[in-house]
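**Student:** Just work.cif, nothing more (mmCIF, C-alpha atoms):
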data_target
#
loop_
_atom_site.label_atom_id
_atom_site.label_comp_id
_atom_site.auth_asym_id
_atom_site.auth_seq_id
_atom_site.Cartn_x
_atom_site.Cartn_y
_atom_site.Cartn_z
CA MET A 1 35.13 80.47 107.11
CA LYS A 2 36.32 77.80 109.47
CA VAL A 3 38.61 78.99 112.22
CA LYS A 4 41.32 76.71 113.48
CA VAL A 5 43.81 77.22 116.27
CA ILE A 6 47.22 75.68 115.89
CA GLU A 7 49.17 75.44 119.14
CA ILE A 8 52.84 76.30 118.90
CA LYS A 9 54.05 76.95 122.47
CA LYS A 10 57.60 77.63 121.49
CA SER A 11 60.13 80.21 122.61
CA VAL A 12 60.95 82.74 119.94
CA PHE A 13 64.62 82.23 120.75
CA ALA A 14 64.52 78.43 120.42
CA GLU A 15 65.50 78.43 116.75
CA ASN A 16 68.46 80.71 117.41
CA GLU A 17 69.58 78.55 120.31
CA LYS A 18 69.60 75.52 118.02
CA ASP A 19 71.71 77.38 115.46
CA ALA A 20 74.04 78.54 118.24
CA ASP A 21 74.58 75.00 119.56
CA ALA A 22 75.30 73.76 116.04
CA LEU A 23 77.83 76.54 115.52
CA ARG A 24 79.54 75.79 118.86
CA ASN A 25 79.85 72.13 117.89
CA GLU A 26 81.36 73.03 114.57
CA LEU A 27 83.86 75.37 116.22
CA LYS A 28 84.78 72.63 118.69
CA ASN A 29 85.55 70.26 115.82
CA LYS A 30 87.66 72.91 114.14
CA GLY A 31 89.48 73.77 117.36
CA VAL A 32 88.39 77.41 117.23
CA TYR A 33 87.41 79.30 120.40
CA LEU A 34 84.85 82.09 119.99
CA LEU A 35 84.49 84.77 122.66
CA ASN A 36 81.43 87.03 122.59
CA LEU A 37 82.40 90.37 124.10
CA MET A 38 79.54 92.68 125.05
CA SER A 39 79.15 96.04 126.77
CA SER A 40 77.43 99.38 126.52
CA PRO A 41 78.81 101.95 124.05
CA GLY A 42 81.88 103.75 125.35
CA SER A 43 82.88 101.22 128.01
CA GLY A 44 86.25 100.72 126.34
CA LYS A 45 85.69 97.46 124.45
CA THR A 46 87.94 98.33 121.55
CA THR A 47 90.74 99.80 123.73
CA THR A 48 90.61 96.75 126.03
CA LEU A 49 90.75 94.50 123.02
CA ILE A 50 93.79 96.30 121.60
CA GLN A 51 95.66 95.99 124.92
CA THR A 52 94.75 92.33 125.19
CA LEU A 53 95.54 91.41 121.60
CA ASN A 54 99.01 92.91 121.92
CA ARG A 55 99.64 90.60 124.88
CA ILE A 56 98.37 87.37 123.30
CA LYS A 57 98.95 87.68 119.56
CA ASP A 58 102.33 85.93 119.71
CA LYS A 59 100.95 83.07 121.78
CA VAL A 60 97.78 82.26 119.92
CA ARG A 61 96.45 82.76 116.38
CA VAL A 62 93.68 85.29 116.73
CA ALA A 63 91.17 87.17 114.56
CA VAL A 64 88.59 89.79 115.47
CA MET A 65 85.04 90.37 114.23
CA GLU A 66 83.61 93.81 114.90
CA ALA A 67 79.84 94.09 114.84
CA ASP A 68 78.25 97.48 114.46
CA ILE A 69 75.12 98.89 113.00
CA ASP A 70 77.29 100.80 110.54
CA SER A 71 80.84 102.14 109.95
CA ASP A 72 84.16 100.31 110.12
CA VAL A 73 86.07 102.56 112.54
CA ASP A 74 86.60 99.75 115.06
CA ALA A 75 87.92 97.21 112.56
CA VAL A 76 90.38 99.75 111.15
CA LYS A 77 91.50 100.79 114.63
CA ILE A 78 92.14 97.20 115.73
CA LYS A 79 94.09 96.37 112.61
CA GLU A 80 96.24 99.49 112.87
CA ALA A 81 96.97 99.14 116.56
CA THR A 82 97.65 95.41 116.72
CA GLY A 83 98.17 94.05 113.19
CA VAL A 84 95.59 91.38 114.02
CA SER A 85 93.26 90.60 111.14
CA SER A 86 89.89 92.14 111.75
CA ILE A 87 86.64 92.08 109.85
CA GLN A 88 83.65 94.36 110.21
CA LEU A 89 80.12 93.01 110.33
CA HIS A 90 77.18 95.28 109.76
CA THR A 91 73.98 94.28 111.47
CA GLY A 92 71.90 96.32 109.07
CA GLY A 93 70.16 98.30 111.78
CA MET A 94 69.73 95.40 114.18
CA CYS A 95 70.74 95.99 117.78
CA HIS A 96 72.35 92.59 118.29
CA LEU A 97 73.99 89.65 116.55
CA ASP A 98 72.40 86.23 116.45
CA ALA A 99 73.96 82.85 115.66
CA GLU A 100 73.15 83.04 111.96
CA MET A 101 74.77 86.48 111.56
CA THR A 102 77.79 85.25 113.53
CA ARG A 103 78.12 82.26 111.23
CA GLN A 104 77.98 84.52 108.17
CA GLY A 105 80.73 86.62 109.71
CA LEU A 106 82.86 83.56 110.45
CA ASP A 107 82.57 82.54 106.79
CA ASN A 108 84.92 85.45 106.11
CA VAL A 109 87.52 84.28 108.63
CA ALA A 110 90.09 81.65 107.67
CA LEU A 111 89.13 79.33 110.54
CA ALA A 112 91.87 76.81 109.72
CA ASP A 113 94.44 79.49 110.55
CA VAL A 114 93.07 80.72 113.88
CA ASP A 115 92.67 79.40 117.43
CA LEU A 116 90.66 82.30 118.77
CA VAL A 117 88.04 84.65 117.35
CA VAL A 118 86.88 87.58 119.45
CA LEU A 119 83.48 88.89 118.50
CA GLU A 120 82.91 92.47 119.57
CA ASN A 121 79.13 92.62 119.77
CA VAL A 122 77.01 95.73 119.24
CA GLY A 123 77.36 98.17 122.17
CA ASN A 124 74.15 97.52 124.08
CA LEU A 125 73.33 95.91 127.45
CA VAL A 126 69.86 94.71 126.56
CA CYS A 127 69.42 92.93 123.26
CA PRO A 128 72.71 91.05 122.77
CA ALA A 129 72.07 89.26 126.07
CA GLU A 130 68.96 87.67 124.62
CA PHE A 131 70.65 86.07 121.60
CA ASP A 132 73.14 83.21 121.90
CA THR A 133 75.78 83.85 119.23
CA GLY A 134 77.27 80.38 119.33
CA ALA A 135 80.27 81.64 121.31
CA VAL A 136 82.03 79.35 123.79
CA ARG A 137 81.88 82.05 126.47
CA ASN A 138 80.20 85.40 127.00
CA ALA A 139 82.19 88.22 128.51
CA MET A 140 81.17 91.78 129.18
CA ILE A 141 82.85 95.01 130.12
CA LEU A 142 81.28 97.34 132.66
CA SER A 143 83.11 100.62 133.10
CA VAL A 144 83.35 102.64 136.30
CA PRO A 145 81.49 105.76 135.05
CA GLU A 146 78.44 103.60 134.25
CA GLY A 147 77.95 102.92 137.96
CA ASP A 148 78.01 99.90 140.26
CA ASP A 149 74.22 99.47 140.04
CA LYS A 150 74.20 98.32 136.41
CA PRO A 151 73.98 94.61 137.28
CA LEU A 152 70.65 95.40 138.93
CA LYS A 153 69.36 97.37 135.96
CA TYR A 154 70.43 94.95 133.24
CA PRO A 155 70.06 91.61 135.02
CA LEU A 156 69.95 89.38 131.96
CA MET A 157 73.28 90.65 130.62
CA PHE A 158 75.02 89.83 133.89
CA THR A 159 73.26 86.48 134.13
CA VAL A 160 74.52 85.24 130.75
CA CYS A 161 78.14 86.38 131.19
CA ASP A 162 80.87 84.02 132.37
CA LEU A 163 83.32 86.87 132.82
CA VAL A 164 82.83 90.52 133.76
CA LEU A 165 85.67 93.00 133.28
CA ILE A 166 85.30 96.18 135.30
CA ASN A 167 87.12 98.77 133.23
CA LYS A 168 88.44 102.29 133.86
CA MET A 169 89.52 101.43 137.41
CA ASP A 170 92.08 104.26 137.10
CA VAL A 171 89.31 106.87 137.36
CA ALA A 172 87.40 105.14 140.19
CA PRO A 173 88.44 107.78 142.78
CA TYR A 174 86.50 110.41 140.83
CA PHE A 175 83.24 108.46 140.78
CA ASP A 176 80.92 107.11 143.46
CA PHE A 177 81.80 103.62 142.37
CA ASP A 178 82.05 100.94 145.02
CA LEU A 179 83.89 97.90 143.64
CA GLU A 180 82.72 95.57 146.41
CA ARG A 181 79.11 96.64 145.99
CA CYS A 182 79.44 96.12 142.24
CA LYS A 183 80.87 92.62 142.75
CA ASN A 184 78.01 91.80 145.12
CA ASN A 185 75.47 93.06 142.62
CA ILE A 186 77.01 90.90 139.90
CA HIS A 187 77.18 87.79 142.08
CA GLN A 188 73.59 88.31 143.17
CA ARG A 189 72.62 87.82 139.53
CA ASN A 190 75.22 85.26 138.67
CA PRO A 191 77.16 83.60 141.49
CA LYS A 192 79.50 81.90 138.99
CA ALA A 193 80.64 85.04 137.16
CA LYS A 194 84.36 85.66 137.24
CA ILE A 195 85.20 89.33 137.81
CA ILE A 196 88.45 91.08 136.84
CA PRO A 197 88.93 94.81 137.55
CA ILE A 198 91.06 96.38 134.80
CA SER A 199 92.18 99.63 133.28
CA ALA A 200 92.68 99.43 129.54
CA LYS A 201 94.46 102.77 129.80
CA THR A 202 97.09 101.91 132.44
CA GLY A 203 97.15 98.19 131.69
CA GLU A 204 96.09 97.21 135.22
CA GLY A 205 94.47 93.77 135.23
CA VAL A 206 94.80 93.25 131.48
CA ASP A 207 97.40 90.49 132.04
CA ALA A 208 94.87 88.63 134.18
CA PHE A 209 92.29 88.84 131.39
CA ALA A 210 94.86 87.76 128.79
CA ASP A 211 95.84 84.77 130.95
CA TRP A 212 92.20 83.81 131.45
CA LEU A 213 91.63 83.94 127.69
CA LEU A 214 94.76 81.92 126.81
CA ASN A 215 93.80 79.30 129.38
CA GLU A 216 90.25 79.13 128.00
CA VAL A 217 91.50 78.63 124.43
CA HIS A 218 93.95 75.96 125.57
CA THR A 219 91.25 74.06 127.48
CA TRP A 220 88.76 74.28 124.59
CA LYS A 221 91.29 72.92 122.09
CA ASN A 222 92.57 70.13 124.32
CA SER A 223 89.50 68.67 125.94
CA MET B 224 64.84 97.51 121.76
CA HIS B 225 65.18 94.34 119.72
CA GLU B 226 61.49 93.91 119.00
CA LEU B 227 61.99 94.03 115.24
CA GLY B 228 64.53 91.21 115.47
CA VAL B 229 62.05 89.24 117.57
CA VAL B 230 59.34 89.85 114.97
CA PHE B 231 61.54 88.38 112.23
CA TYR B 232 61.98 85.24 114.36
CA ILE B 233 58.24 85.00 114.90
CA ILE B 234 57.59 85.33 111.19
CA LYS B 235 60.10 82.58 110.45
CA ASP B 236 58.51 80.22 112.98
CA VAL B 237 54.93 81.00 111.91
CA LYS B 238 55.83 80.47 108.26
CA ALA B 239 57.28 77.06 109.07
CA VAL B 240 54.18 76.00 111.03
CA ALA B 241 51.87 77.32 108.31
CA GLU B 242 53.72 75.36 105.67
CA GLU B 243 53.60 72.17 107.75
CA ASN B 244 49.84 72.56 108.15
CA HIS B 245 49.16 73.70 104.56
CA VAL B 246 47.77 77.02 105.75
CA GLU B 247 47.35 79.86 103.25
CA HIS B 248 46.55 82.71 105.58
CA VAL B 249 47.02 83.34 109.28
CA SER B 250 44.52 85.70 110.92
CA THR B 251 45.95 85.94 114.45
CA VAL B 252 49.22 85.16 116.17
CA VAL B 253 48.95 84.74 119.94
CA MET B 254 52.07 85.50 121.97
CA ASP B 255 52.91 84.80 125.62
CA ILE B 256 55.11 87.63 126.83
CA GLY B 257 56.49 87.66 130.36
CA GLU B 258 56.15 90.83 132.38
CA VAL B 259 59.92 91.08 132.85
CA SER B 260 61.00 89.79 129.46
CA THR B 261 63.05 92.28 127.50
CA VAL B 262 60.23 92.69 124.98
CA VAL B 263 57.94 95.71 125.14
CA PRO B 264 54.45 94.63 123.97
CA HIS B 265 53.38 97.80 122.14
CA LEU B 266 56.69 98.00 120.29
CA LEU B 267 56.35 94.35 119.37
CA THR B 268 52.88 94.91 117.89
CA ASP B 269 54.12 98.03 116.03
CA CYS B 270 57.01 96.11 114.49
CA TRP B 271 54.68 93.20 113.80
CA ARG B 272 52.24 95.39 111.80
CA TRP B 273 55.07 96.75 109.67
CA ALA B 274 56.73 93.42 108.97
CA ALA B 275 53.67 91.13 108.78
CA ASP B 276 51.96 93.18 106.08
CA LYS B 277 54.91 92.55 103.80
CA GLU B 278 54.07 88.81 103.77
CA ASP B 279 51.12 87.38 101.84
CA LEU B 280 50.62 84.75 104.52
CA LEU B 281 50.37 87.39 107.26
CA LYS B 282 48.74 90.37 105.56
CA GLY B 283 46.41 92.00 108.12
CA CYS B 284 47.25 89.28 110.65
CA GLU B 285 46.63 90.51 114.17
CA MET B 286 49.00 89.94 117.06
CA LYS B 287 47.44 89.22 120.43
CA ILE B 288 49.62 89.31 123.52
CA ASN B 289 49.00 87.41 126.75
CA THR B 290 51.01 88.95 129.54
CA ILE B 291 52.55 86.40 131.90
CA PRO B 292 52.91 87.84 135.41
CA ALA B 293 56.43 87.61 136.82
CA VAL B 294 56.88 85.49 139.95
CA THR B 295 60.03 85.14 142.03
CA TRP B 296 60.88 82.24 144.34
CA CYS B 297 62.72 82.90 147.58
CA ASP B 298 65.22 80.24 148.63
CA GLY B 299 65.36 81.83 152.09
CA CYS B 300 61.75 81.31 153.18
CA LYS B 301 60.54 79.05 150.34
CA LYS B 302 57.78 81.43 149.31
CA GLU B 303 56.79 83.08 146.05
CA TYR B 304 56.19 86.78 145.50
CA GLU B 305 55.42 89.31 142.77
CA THR B 306 58.64 90.25 141.00
CA VAL B 307 57.55 93.60 139.62
CA LYS B 308 56.38 94.88 142.98
CA PHE B 309 59.27 93.72 145.13
CA GLY B 310 62.25 93.15 142.80
CA LYS B 311 65.18 91.03 143.88
CA THR B 312 64.68 91.23 147.66
CA CYS B 313 62.08 88.95 149.25
CA PRO B 314 59.28 90.94 150.96
CA HIS B 315 58.68 88.09 153.42
CA CYS B 316 62.18 87.59 154.81
CA ASN B 317 64.45 90.20 153.15
CA SER B 318 66.62 87.53 151.55
CA ASP B 319 68.40 88.28 148.25
CA ASN B 320 68.67 84.60 147.51
CA THR B 321 65.76 84.73 145.09
CA TRP B 322 65.15 83.43 141.59
CA LEU B 323 62.74 84.33 138.85
CA ILE B 324 60.53 81.33 138.14
CA ARG B 325 58.13 82.88 135.65
CA GLY B 326 57.84 86.07 133.65
CA ASN B 327 60.66 86.20 131.13
CA GLU B 328 58.83 84.25 128.40
CA VAL B 329 58.88 85.32 124.78
CA GLU B 330 56.82 82.53 123.27
CA ILE B 331 54.51 81.94 120.38
CA ASN B 332 51.44 80.43 122.00
CA SER B 333 49.39 79.61 118.91
CA ILE B 334 48.15 80.84 115.57
CA ILE B 335 44.56 81.18 114.39
CA VAL B 336 44.00 80.35 110.74
#
Rewrite the coordinates I just gave you, this time as structure tokens.
**Tutor:**
Amino acid sequence: MKVKVIEIKKSVFAENEKDADALRNELKNKGVYLLNLMSSPGSGKTTTLIQTLNRIKDKVRVAVMEADIDSDVDAVKIKEATGVSSIQLHTGGMCHLDAEMTRQGLDNVALADVDLVVLENVGNLVCPAEFDTGAVRNAMILSVPEGDDKPLKYPLMFTVCDLVLINKMDVAPYFDFDLERCKNNIHQRNPKAKIIPISAKTGEGVDAFADWLLNEVHTWKNS
Amino acid sequence: MHELGVVFYIIKDVKAVAEENHVEHVSTVVMDIGEVSTVVPHLLTDCWRWAADKEDLLKGCEMKINTIPAVTWCDGCKKEYETVKFGKTCPHCNSDNTWLIRGNEVEINSIIV
């Protein structure tokens, strides 16, 4: 049998990145802003989202996509607490969403009636960072109990994020969490990352996040 | 952690190349995996075995992995050093102003048919 070597030399993620760029273009043409929100499980993604949605829902037309391996607890919670329309995506065991799965999810959102879609990615600091979802921006939530060293342990996640929310600031006095050290660790990985300390529980900093988001949507739609 | 997802991407890409080249069976897929990529080689080959055997094109197809050593560049003293050994801080000048230049690849190098 003749053996033949076919050279490929191609990144495994290249195909996904092409899909993601196409999706971003499409969203631009439709005037829809997609935010990819990532974090580890239990960092307060859903609670932060509820607080934020209640501040922006009268100013911008918004929908939420919840991605989880299974269950629809988050989608139900969002809908009940904010009235914002929310759909649940199941990744079927996968630890992340890619651009194709995001597109399939968006097919269930009435894009003509929204300005902003927030995608709550699977709770995980490793895999979602590797897959471009087609979102305009990546944001992540790091919570105080996780520790200020996380940017060093999960470098890729902090490298791909445009915005880092540091959540649960209200309990910081009980943990050995040094905000300045954390900011330094993040900026070491990603000098351009914007950082907003918040507490989804007390509401501290949530206005700043809401303003950032509204400004982002406005710029995306009008440029 | 996402090795199975990566395997599905590899299968998609290999299938496309095989079709282009009118190949009926692939015997080996050669991967270039960076030392500090988020892919764990032995998990990748485990997932590969499970998924590849479900495809006629890839039944029994072996996965070979070339490990690409990770190298970091220091902006402070303009030298390179081993990432895995020294991490983010330059061993020559202690600078943190350092950037990974190699070692996070997850690439399909070639296929043998």
**Student:** Determine the residue set returned by the PyMOL selection byres ((chain A and resi 127) around 8) for the present structure, and present it as a list in words.
**Tutor:**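 Listing what the PyMOL selection byres ((chain A and resi 127) around 8) selects in the shown file: Cys95, His96, Asn124, Leu125, Val126, Pro128, Ala129, Glu130 and Phe131 of chain A; Met224, His225 and Thr261 of chain B.
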**Student:** Taking the file as shown, find all residues satisfying the PyMOL selection byres ((chain A) within 8 of (chain B)) and write them as a PyMOL selection string.
**Tutor:** chain A and resi 3-13+94-96+126-127+188
**Student:** May I have the residues from that selection written out with C-alpha atoms, as an mmCIF file, in the coordinates of the input?
**Tutor:**
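New file selection_31.cif:
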data_model
loop_
_atom_site.group_PDB
_atom_site.id
_atom_site.type_symbol
_atom_site.label_atom_id
_atom_site.label_comp_id
_atom_site.auth_asym_id
_atom_site.auth_seq_id
_atom_site.Cartn_x
_atom_site.Cartn_y
_atom_site.Cartn_z
ATOM 1 C CA VAL A 3 38.610 78.990 112.220
ATOM 2 C CA LYS A 4 41.320 76.710 113.480
ATOM 3 C CA VAL A 5 43.810 77.220 116.270
ATOM 4 C CA ILE A 6 47.220 75.680 115.890
ATOM 5 C CA GLU A 7 49.170 75.440 119.140
ATOM 6 C CA ILE A 8 52.840 76.300 118.900
ATOM 7 C CA LYS A 9 54.050 76.950 122.470
ATOM 8 C CA LYS A 10 57.600 77.630 121.490
ATOM 9 C CA SER A 11 60.130 80.210 122.610
ATOM 10 C CA VAL A 12 60.950 82.740 119.940
ATOM 11 C CA PHE A 13 64.620 82.230 120.750
ATOM 12 C CA MET A 94 69.730 95.400 114.180
ATOM 13 C CA CYS A 95 70.740 95.990 117.780
ATOM 14 C CA HIS A 96 72.350 92.590 118.290
ATOM 15 C CA VAL A 126 69.860 94.710 126.560
ATOM 16 C CA CYS A 127 69.420 92.930 123.260
ATOM 17 C CA GLN A 188 73.590 88.310 143.170
#
**Student:** What is the atom CA of Thr159 of chain A-atom CA of Ser40 of chain A distance in Å, reported with one decimal?
**Tutor:** 15.5 Å
**Student:** Edge lengths and centre in Å to one decimal, as lines of an AutoDock Vina configuration file, is what I'm after for the box along x, y and z that holds all listed atoms of segment 296-304 of chain B once 8 Å is added on each side.
**Tutor:**
center_x = 60.8
center_y = 82.9
center_z = 148.8
size_x = 25.2
size_y = 23.7
size_z = 24.8
**Student:** Of the residues A:Glu66, A:Asp162, A:Asp21, A:Glu180, which is the one nearest to Ser85 of chain A, using all atoms listed in the file?
**Tutor:**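 For Ser85 of chain A, the nearest of the given residues is A:Glu66.
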**Student:** Could you state which residues are captured by the PyMOL selection byres ((chain B and resi 303) around 10) in this file, as a PDB file with C-alpha atoms, in the frame of the given file?
**Tutor:**
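What ended up in selection-v8.pdb:
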ATOM      1  CA  VAL B 294      56.880  85.490 139.950  1.00  0.00           C
ATOM      2  CA  THR B 295      60.030  85.140 142.030  1.00  0.00           C
ATOM      3  CA  TRP B 296      60.880  82.240 144.340  1.00  0.00           C
ATOM      4  CA  CYS B 297      62.720  82.900 147.580  1.00  0.00           C
ATOM      5  CA  ASP B 298      65.220  80.240 148.630  1.00  0.00           C
ATOM      6  CA  CYS B 300      61.750  81.310 153.180  1.00  0.00           C
ATOM      7  CA  LYS B 301      60.540  79.050 150.340  1.00  0.00           C
ATOM      8  CA  LYS B 302      57.780  81.430 149.310  1.00  0.00           C
ATOM      9  CA  TYR B 304      56.190  86.780 145.500  1.00  0.00           C
ATOM     10  CA  GLU B 305      55.420  89.310 142.770  1.00  0.00           C
ATOM     11  CA  THR B 306      58.640  90.250 141.000  1.00  0.00           C
ATOM     12  CA  CYS B 313      62.080  88.950 149.250  1.00  0.00           C
ATOM     13  CA  PRO B 314      59.280  90.940 150.960  1.00  0.00           C
ATOM     14  CA  HIS B 315      58.680  88.090 153.420  1.00  0.00           C
ATOM     15  CA  THR B 321      65.760  84.730 145.090  1.00  0.00           C
ATOM     16  CA  TRP B 322      65.150  83.430 141.590  1.00  0.00           C
ATOM     17  CA  LEU B 323      62.740  84.330 138.850  1.00  0.00           C
ATOM     18  CA  ILE B 324      60.530  81.330 138.140  1.00  0.00           C
TER      19      ILE B 324
END
**Student:** Is there a way to get, as a CSV table (one decimal) with C-alpha atoms, keeping the file's coordinate frame, all residues within 8 Å of the point (50.5, 91.6, 116.9) in file coordinates, counting only C-alpha atoms?
**Tutor:**
chain,number,residue,atom,x,y,z
B,251,THR,CA,46.0,85.9,114.4
B,252,VAL,CA,49.2,85.2,116.2
B,253,VAL,CA,49.0,84.7,119.9
B,267,LEU,CA,56.4,94.4,119.4
B,268,THR,CA,52.9,94.9,117.9
B,269,ASP,CA,54.1,98.0,116.0
B,271,TRP,CA,54.7,93.2,113.8
B,272,ARG,CA,52.2,95.4,111.8
B,284,CYS,CA,47.2,89.3,110.6
B,285,GLU,CA,46.6,90.5,114.2
B,286,MET,CA,49.0,89.9,117.1
B,287,LYS,CA,47.4,89.2,120.4
B,288,ILE,CA,49.6,89.3,123.5
**Student:** Nearest to Gly31 of chain A: which of A:Ile198, A:Val122, A:Val114, A:Ala63 is it, counting only C-alpha atoms?
**Tutor:** A:Val114
**Student:** Which residues, written as a list in words, have at least one atom at most 8 Å from His248 of chain B, with all atoms listed in the file counted and residues fewer than 2 positions away on the same chain left out?
**Tutor:**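 Once the nearby chain positions are removed, what remains is Val246, Ser250, Asp279, Leu280, Leu281, Lys282 and Val336 of chain B.
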**Student:** Considering all atoms listed in the file, can you say which of A:Ser223, A:Lys192, A:Ala20, A:Asn215 comes closest to Lys59 of chain A?
**Tutor:** A:Asn215
